[in-house]
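Visitor: Pasting in a structure now, in structure tokens, and then I'll have a few things to ask.
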Amino acid sequence: MSQEEAWERSIDMLRKVGIPAPEIRVGEFPHQLSGGMRQRVVIAMALALKPAIVIADEPTTALDVTIQAQILELMKSLQAEMGMAIILITHDLGVIAETCDDVVVMYAGRVAERGTVNDIFENPLHLYTRGLLDSIPRMEGTPKERLQTIPGMVPGLADLPVGARFAPRSPHPGAAAYMASKEYQTVRPELVEVEPGHWVEDCEVVRT
Amino acid sequence: MSATEKKVILTVDDLKMHFPVKGGVLMRTQQWCKALDGVSLRLNEGETLGIVGESGCGKSTLGKCIVRLNKPTAGSIRFEGNELSDLSQRGLKPYRRNIQMIFQDPVESLNSRHTIGNILEEPFIIHGIGNHQERRKKVAELLEKVGLPSGAAERFPFEFSGGQRQRIGIARAIALNPRLVICDEPVSALDVSVQSQILNLLVDLQREMNLSYIFIAHNLAVVKHISDRIAIMYLGKIVEMASAEEIFRNPLHAYTKALISAIPIPDPRRRKDRIILQGDVPSPINPPEGCAFAQRSWLPCPPEWLNRPGEFKEVAPDHWVELHPATVENYQQYV
């Protein structure tokens with residue numbers, strides 16, 4: 001592709017991601033664009049070569065809700081048009097519920113639970129997933145009521161056990177005994193398929 | 001107590017903060033960035049006022065003006081009846097201990113070369129409170145109050161997680177028993193599982209110490225959880241203000257409606273039709289004439305209103321909104 005063609009294609013991509021006056025914007029510098037527009041430009045760059053998979057790492061975390069809604073809507077419509085798969089990395093459970101088909105919940109470097117978005121939100125099997133869902137303030141909740149919390153904090157990644165990594169924060173009555181056991185030091189729990197397509201870490205003390 | 005009996009702790013009246021934008025060869029002021037362009041609000045004792053808006057709408061500038069990190073260009077800030085807006089640094093000192101701030105980034109806001117003990121002792125030293133031993137005792141009490149181990153005093157900020165560092169920031173803010181705390185996005189940088197711990201702590205401290213909060217955030221679910229009243233900001237102005245319940249039950253301003261509809265709901269069965277606003281927030285440098293929201297609104301703006309600003313008006317008891325045909329549906333009924 002010649003440089004002129006590449007320039008034309010850039011303008012096309014900017015138009016596709018909804019940047020007004022792309023012929024003018026294409027000649028501008030990043031600092032001249034707003035946060036939402038910069039994210040659109042990055043999406044245009046990611047999609048320019050028609051990839052099969054796009055990994056979006058917290059794509060809307062730095063944006064405000066109205067702009068976030070624009071960007072998520074844009075990604076969904078581009079996906080419908082171009083057919084790429086998207087891996088969306090985020091800690092916003094609302095964004096996941098509204099945009100994803102399947103969900104992988106990770107904890108301390110491992111998959112805790114995996115399933116369809118309905119599985120995860122309606123029938124969480126891992127205590128960490130349950131803890132996350134319970135700790136977010138809900139629009140329909142009572143103001144200033146005590147929010148559920150997950151005790152403790154995420155462990156440092158340098159010194160992790162072989163066994164279930166959520167065990168030290170688990171409210172399960174057997175957690176202490178499990179952590180004192182040889183199993184905790186030596187056996188890594190595998191994922192088991194509890195219902196079709198819904199997998200969870202196979203360790204009693206971290207399961208609901 | 002009803003709203004009318006409550007004691008007003010803070011009144012802000014027509015506050016303006018215009019920053020010069022310098023440019024050209026001689027770096028002369030060429031334009032003004034109108035970060036705050038006429039903000040009025042009041043805060044009752046023991047109450048939380050949530051402030052919501054897109055980035056760049058001026059909400060952090062408002063917080064910084066109230067603690068007087070910024071000197072406002074015009075307008076009035078009255079704290080328990082005393083005018084703060086034109087006081088000198090020296091004149092402000094008696095008020096500093098009563099008005100404190102919690103920052104968004106717990107990493108950036110702590111001096112990495114000082115131990116937690118030194119960081120928390122500093123406010124007492126600045127205000128000449130106690131001797132070394134008494135101050136150390138107060139530091140230990142503070143750590144306990146915010147749920148940190150007493151051994152934390154000897155350690156450095158980098159040894160703590162984000163949530164713990166925010167606890168340190170909170171301990172520093174409440175050290176001198178303030179009356180008012182400005183919380184500027186205090187949980188935005190935290191993980192979901194830690195966010196709820198910090199929100200619980202803020203609510204507990206408010207009840208225990210009768211604190212008044214101004215809680216600045218862009219996460220509406222969080223703001224709704226913690227606030228008694230909510231102000232929605234857009235481009236340097238408050239466009240709607242009411243009790244938290246009223247804002248969500250009966251939003252009047254088009255921007256408030258769009259914000260509420262844009263909240264992602266953590267329930268996959270409730271994917272909904274939302275109002276997607278077109279375009280971005282206009283720049284506060286040379287903001288549009290008239291109503292700043294008109295160009296993004298889906299409500300039609302009659303030609304005679306094109307350059308006319310809306311009027312901020314109380315349309316129901318304690319429910320204020322910017323009245324303009326492009327912002328409020330059937331605005332005539334409120335005029």
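Chain lettering (A, B, ...) mirrors the order of the structure tokens, residue numbering begins at 1 for each chain separately, and ligand numbering begins at 1 in order of display.
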Give me, as a PyMOL selection string, the residues of range 157-208 of chain A that a backbone DSSP run labels strand (DSSP E).
Guide: chain A and resi 191-195+198-201
Visitor: Would you list the contacts of range 43-52 of chain B as a PyMOL selection string, taking every protein, DNA or RNA residue within 8 Å and counting only C-alpha atoms, but skipping same-chain residues closer than 5 positions in sequence?
Guide: chain B and resi 6-11+59+206-207+210-220+223-224+226-233
Visitor: Near chain A, meaning an atom within 7 Å, which residues of chain B appear when counting only C-alpha atoms? Write them as a list of chain:residue names.
Guide: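 For chain B, the answer reads B:Glu54, B:Ser55, B:Val192, B:Ser193, B:Ser196, B:Gln197, B:Asn200, B:Val203, B:His218, B:Ala221, B:Val222, B:Lys224, B:His225, B:Ile226, B:Leu259, B:Ala262, B:Ile263, B:Pro264, B:Ile265, B:Pro266, B:Asp267, B:Pro268, B:Arg271, B:Ile276, B:Leu277.
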Visitor: Fewer than 5 positions away in the same chain doesn't count, so skip those; otherwise give me all residues within 10 Å of range 88-90 of chain B, counting only C-alpha atoms, as a ChimeraX atom specification.
Guide: /B:68-69,71,96
Visitor: Just the selected residues (C-alpha atoms), exported as a PDB file, in the first residue's frame, please.
Guide:
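Dumped everything to selection-v1.pdb:
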ATOM      1  CA  ARG B  68      -8.823  27.186  48.923  1.00  0.00           C
ATOM      2  CA  LEU B  69      -6.047  25.382  47.056  1.00  0.00           C
ATOM      3  CA  LYS B  71      -8.288  31.277  44.823  1.00  0.00           C
ATOM      4  CA  ARG B  96      -7.675  24.774  57.282  1.00  0.00           C
TER       5      ARG B  96
END
Visitor: Which one is closest to Arg38 in chain A: A:Lys16, A:Arg25, A:Arg169, A:Arg130? Count only C-alpha atoms.
Guide: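 Among A:Lys16, A:Arg25, A:Arg169, A:Arg130, it is A:Arg25 that comes nearest to Arg38 in chain A.
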Visitor: Name all residues at most 10 Å from Met82 in chain A (count only C-alpha atoms; drop same-chain ones fewer than 6 positions away) and give them as a PyMOL selection string.
Guide: chain A and resi 47+50-52+76
